[in-house]
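Trainee: Okay, handing you the structure first.
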Amino acid sequence: MLRLLKKFRKLISLLLTIIALLIVIIVVPMIPDTISSGLMVSMHTDSAPKLIAHRGLSSLYPENTLPAFYGAAKHGFDAFEFDVHTTKDGQWIVIHDDDVDHMTDSEGEVEDFTLEELREMKLVSGSNIEEYPDIKMPTLRETLDVCKEWNITPVIEIKGCDTEYLPSLKEMLDEYDLSNKAAIISFDEEYLEKYRQLDKDIEILYLANEPTKEDIDWCVENNFGINYNHWCLYKCFGAIRYAKEKGITIAVWTVDNNFFADIMVLFGAEYITTNKILP
């Protein structure tokens with residue numbers, strides 16, 4: 001009986017994987033650049049999630065740029081997510097990758113360039129990049145200026161930094177009076193633990209592709225929420241249910257389909273990071 005149950009679970013897992021692949025191959029390319037969240041059932045209930053624009057409104061503008069951040073604000077998002085690194089001279093710059101190869105006309109690791117050198121690079125990749133021939137890699141300060149101007153929540157993913165510069169990140173958020181509004185996220189446990197030591201109250205979410213119950217216990221211990229990859233729900237359903245039982249914040253990324261967004265809310269998601277679903 002136990003063997004049959006194990007075989008049945010493996011079969012279900014295989015079928016779900018095949019269905020997910022078919023959706024990626026067939027359905028996802030058919031999704032338009034943007035979709036109205038008004039088509040989501042959950043948006044008309046008391047459990048309506050908060051939408052976070054992924055790297056700004058990256059389906060319409062070059063990701064992690066000022067046009068993408070202003071675009072997210074103008075389209076009504078309450079929050080947008082962006083990625084930060086520290087430079088060779090200890091400054092904060094907004095870019096996703098550890099290197100500049102994909103996004104710019106240069107090559108090399110972000111940490112090996114000064115802020116001035118990074119700002120001289122030409123951005124060559126992203127949605128509708130041809131419409132923005134002169135945009136530069138934004139600084140953290142420029143990005144927070146947008147947040148302050150539009151009263152929007154910054155969701156800051158720490159991608160790569162020397163931990164000695166984390167206090168300067170907190171100082172800047174305090175300067176902008178955003179520490180009580182911002183959220184810090186990262187895959188790196190050390191970054192999150194050290195930032196929690198600096199700020200006991202700021203929202204912190206641990207990024208995980210496939211969170212486990214042990215991850216949830218660690219989040220509870222450190223007053224973190226969990227932010228997971230929505231494609232892995234069928235693998236980590238038990239952990240997400242456990243997170244809900246523990247009462248920690250549950251967020252999910254990156255959901256570009258109303259149907260899947262509603263499913264995520266059904267399983268406790270309070271925040272949904274998206275490229276395409278408009279508020």
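As shown in the structure tokens, the chain order sets the letters A, B, ...; within each chain, residues go from 1, and ligands are also counted from 1 in the order they appear.
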Counting only C-alpha atoms, what is within 8 Å of region 192-205 of chain A, bar same-chain residues fewer than 4 positions away, as a PyMOL selection string?
Mentor: chain A and resi 163+166-167+170+179-186+188+222-227+249+251
Trainee: Assign secondary structure with DSSP using the backbone only, and return the residues of region 98-270 of chain A in strand (DSSP E or B) as a ChimeraX atom specification.
Mentor: /A:99,104,109,123,139,153-160,183-186,203-208,225-229,250-253
Trainee: Could the residues in this selection be written to a file with C-alpha atoms, as a CSV table (one decimal), in the first residue's frame?
Mentor:
chain,number,residue,atom,x,y,z
A,99,ASP,CA,28.0,41.5,-13.9
A,104,THR,CA,25.3,47.3,-20.8
A,109,GLU,CA,31.7,42.4,-12.4
A,123,LEU,CA,22.2,50.3,-21.1
A,139,THR,CA,21.6,54.9,-8.0
A,153,THR,CA,7.0,51.3,-1.1
A,154,PRO,CA,10.6,50.2,-2.1
A,155,VAL,CA,11.1,46.5,-2.0
A,156,ILE,CA,14.9,46.2,-2.0
A,157,GLU,CA,16.6,43.0,-3.0
A,158,ILE,CA,20.2,42.9,-1.8
A,159,LYS,CA,21.9,40.9,-4.6
A,160,GLY,CA,25.6,41.6,-3.9
A,183,ALA,CA,10.9,45.9,2.7
A,184,ILE,CA,14.3,44.1,2.4
A,185,ILE,CA,14.5,40.8,0.6
A,186,SER,CA,17.4,38.5,-0.4
A,203,GLU,CA,9.9,44.1,6.9
A,204,ILE,CA,12.3,41.5,5.8
A,205,LEU,CA,11.4,38.6,3.5
A,206,TYR,CA,13.6,35.5,2.8
A,207,LEU,CA,13.7,34.6,-0.9
A,208,ALA,CA,13.6,30.9,-1.5
A,225,GLY,CA,8.5,36.6,6.1
A,226,ILE,CA,8.9,34.1,3.3
A,227,ASN,CA,8.9,35.0,-0.5
A,228,TYR,CA,8.9,32.0,-2.7
A,229,ASN,CA,8.9,31.1,-6.4
A,250,ILE,CA,3.8,35.1,2.7
A,251,ALA,CA,4.9,36.6,-0.6
A,252,VAL,CA,5.3,35.1,-4.0
A,253,TRP,CA,7.2,35.8,-7.2
Trainee: Give me, as number ranges by chain, all polymer residues having an atom no more than 9 Å from region 259-261 of chain A, counting only C-alpha atoms and skipping those fewer than 6 positions away in the same chain.
Mentor: A: 39-42, 49, 230, 269, 272
Trainee: List the neighbours of Thr114 (chain A) out to 12 Å using only C-alpha atoms; skip same-chain residues closer than 4 positions along the sequence, and give me the result as a PyMOL selection string.
Mentor: chain A and resi 85-93+108-110+118-121+139
Trainee: Hey, what's within 8 Å of His96 (chain A) if we count only C-alpha atoms and toss same-chain stuff fewer than 2 positions away? As a list of chain:residue names, please?
Mentor: A:Asn64, A:Phe82, A:Asp83, A:Val84, A:Val94, A:Asp98, A:Lys159
Trainee: Take the selection from the previous step and output its residues with C-alpha atoms, as a PDB file, in the first residue's frame.
Mentor:
ATOM      1  CA  ASN A  64      15.578  48.435 -12.929  1.00  0.00           C
ATOM      2  CA  PHE A  82      14.494  46.454  -7.485  1.00  0.00           C
ATOM      3  CA  ASP A  83      17.971  44.942  -7.062  1.00  0.00           C
ATOM      4  CA  VAL A  84      20.997  46.586  -5.474  1.00  0.00           C
ATOM      5  CA  VAL A  94      20.593  49.395  -8.994  1.00  0.00           C
ATOM      6  CA  ASP A  98      26.440  40.418 -10.603  1.00  0.00           C
ATOM      7  CA  LYS A 159      21.944  40.946  -4.580  1.00  0.00           C
TER       8      LYS A 159
END
Trainee: For the atom pair CA of Phe267 (chain A) and CA of Glu189 (chain A), what is the interatomic distance in Å to one decimal place?
Mentor: 24.5 Å
Trainee: According to DSSP computed on the backbone, where in region 82-266 of chain A is there helix (DSSP H, G or I)? Give the residues as a PyMOL selection string.
Mentor: chain A and resi 110-112+115-119+129-131+140-150+163-175+189-198+213-222+230-232+237-246+258-266
Trainee: Between A:Pro32, A:Tyr70, A:Ala48, A:Glu171, which is the closest to Met264 (chain A) once you count only C-alpha atoms?
Mentor: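 Using only C-alpha atoms, the shortest distance to Met264 (chain A) belongs to A:Ala48.
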Trainee: Rounded to one decimal place, report the CA of Ser127 (chain A)-CA of Pro62 (chain A) distance in Å.
Mentor: 4.7 Å
Trainee: When you draw a straight line from CA of Tyr234 (chain A) to CA of Val265 (chain A), how long is it in Å?
Mentor: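 The value is 14.4 Å.
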Trainee: I'd like the contact shell of Leu66 (chain A) - 10 Å cut-off, only C-alpha atoms, skipping same-chain residues fewer than 5 positions apart - returned as a VMD selection string.
Mentor: chain A and resid 56 61 71 to 72 94 135 to 139 142 to 143 145 to 146
Trainee: Given the selection you just returned, output its residues as a file containing N, CA and C atoms, formatted as an mmCIF file, in the first residue's frame.
Mentor:
data_model
loop_
_atom_site.group_PDB
_atom_site.id
_atom_site.type_symbol
_atom_site.label_atom_id
_atom_site.label_comp_id
_atom_site.auth_asym_id
_atom_site.auth_seq_id
_atom_site.Cartn_x
_atom_site.Cartn_y
_atom_site.Cartn_z
ATOM 1 N N GLY A 56 10.540 47.308 -11.261
ATOM 2 C CA GLY A 56 9.734 48.351 -11.879
ATOM 3 C C GLY A 56 8.736 47.667 -12.805
ATOM 4 N N TYR A 61 8.897 48.768 -19.683
ATOM 5 C CA TYR A 61 10.062 49.648 -19.617
ATOM 6 C C TYR A 61 11.307 48.817 -19.300
ATOM 7 N N GLY A 71 7.070 54.393 -14.283
ATOM 8 C CA GLY A 71 5.961 53.704 -14.944
ATOM 9 C C GLY A 71 5.116 52.923 -13.952
ATOM 10 N N ALA A 72 5.776 52.233 -13.022
ATOM 11 C CA ALA A 72 5.046 51.477 -11.999
ATOM 12 C C ALA A 72 4.203 52.412 -11.147
ATOM 13 N N VAL A 94 21.739 50.261 -8.710
ATOM 14 C CA VAL A 94 20.593 49.395 -8.994
ATOM 15 C C VAL A 94 20.845 48.619 -10.282
ATOM 16 N N ILE A 135 19.324 56.529 -21.093
ATOM 17 C CA ILE A 135 19.143 56.212 -19.673
ATOM 18 C C ILE A 135 20.392 55.549 -19.098
ATOM 19 N N LYS A 136 20.602 55.783 -17.814
ATOM 20 C CA LYS A 136 21.745 55.245 -17.106
ATOM 21 C C LYS A 136 21.286 54.300 -16.001
ATOM 22 N N MET A 137 22.207 53.511 -15.517
ATOM 23 C CA MET A 137 21.961 52.676 -14.358
ATOM 24 C C MET A 137 21.647 53.594 -13.166
ATOM 25 N N PRO A 138 20.496 53.449 -12.521
ATOM 26 C CA PRO A 138 20.156 54.384 -11.440
ATOM 27 C C PRO A 138 20.875 54.062 -10.132
ATOM 28 N N THR A 139 21.076 55.085 -9.335
ATOM 29 C CA THR A 139 21.609 54.891 -7.991
ATOM 30 C C THR A 139 20.451 54.572 -7.058
ATOM 31 N N GLU A 142 18.573 57.850 -6.290
ATOM 32 C CA GLU A 142 17.624 58.266 -7.334
ATOM 33 C C GLU A 142 16.345 57.440 -7.261
ATOM 34 N N THR A 143 16.498 56.171 -6.959
ATOM 35 C CA THR A 143 15.338 55.288 -6.872
ATOM 36 C C THR A 143 14.460 55.655 -5.678
ATOM 37 N N ASP A 145 14.249 58.542 -4.420
ATOM 38 C CA ASP A 145 13.600 59.811 -4.767
ATOM 39 C C ASP A 145 12.234 59.549 -5.407
ATOM 40 N N VAL A 146 12.169 58.541 -6.286
ATOM 41 C CA VAL A 146 10.898 58.192 -6.928
ATOM 42 C C VAL A 146 9.903 57.702 -5.875
#
Trainee: For Glu63 (chain A), please output as a list in words all residues within 9 Å (counting only C-alpha atoms; exclusion window: fewer than 3 positions along the same chain).
Mentor: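 My list of contacting residues is His54, Arg55, Gly56, Leu57, Ser58, Ser59, Leu60, Leu66, Pro67, Ala68, Phe69, Phe82, Ile95, His96, Ser125, Gly126 and Ser127 of chain A.
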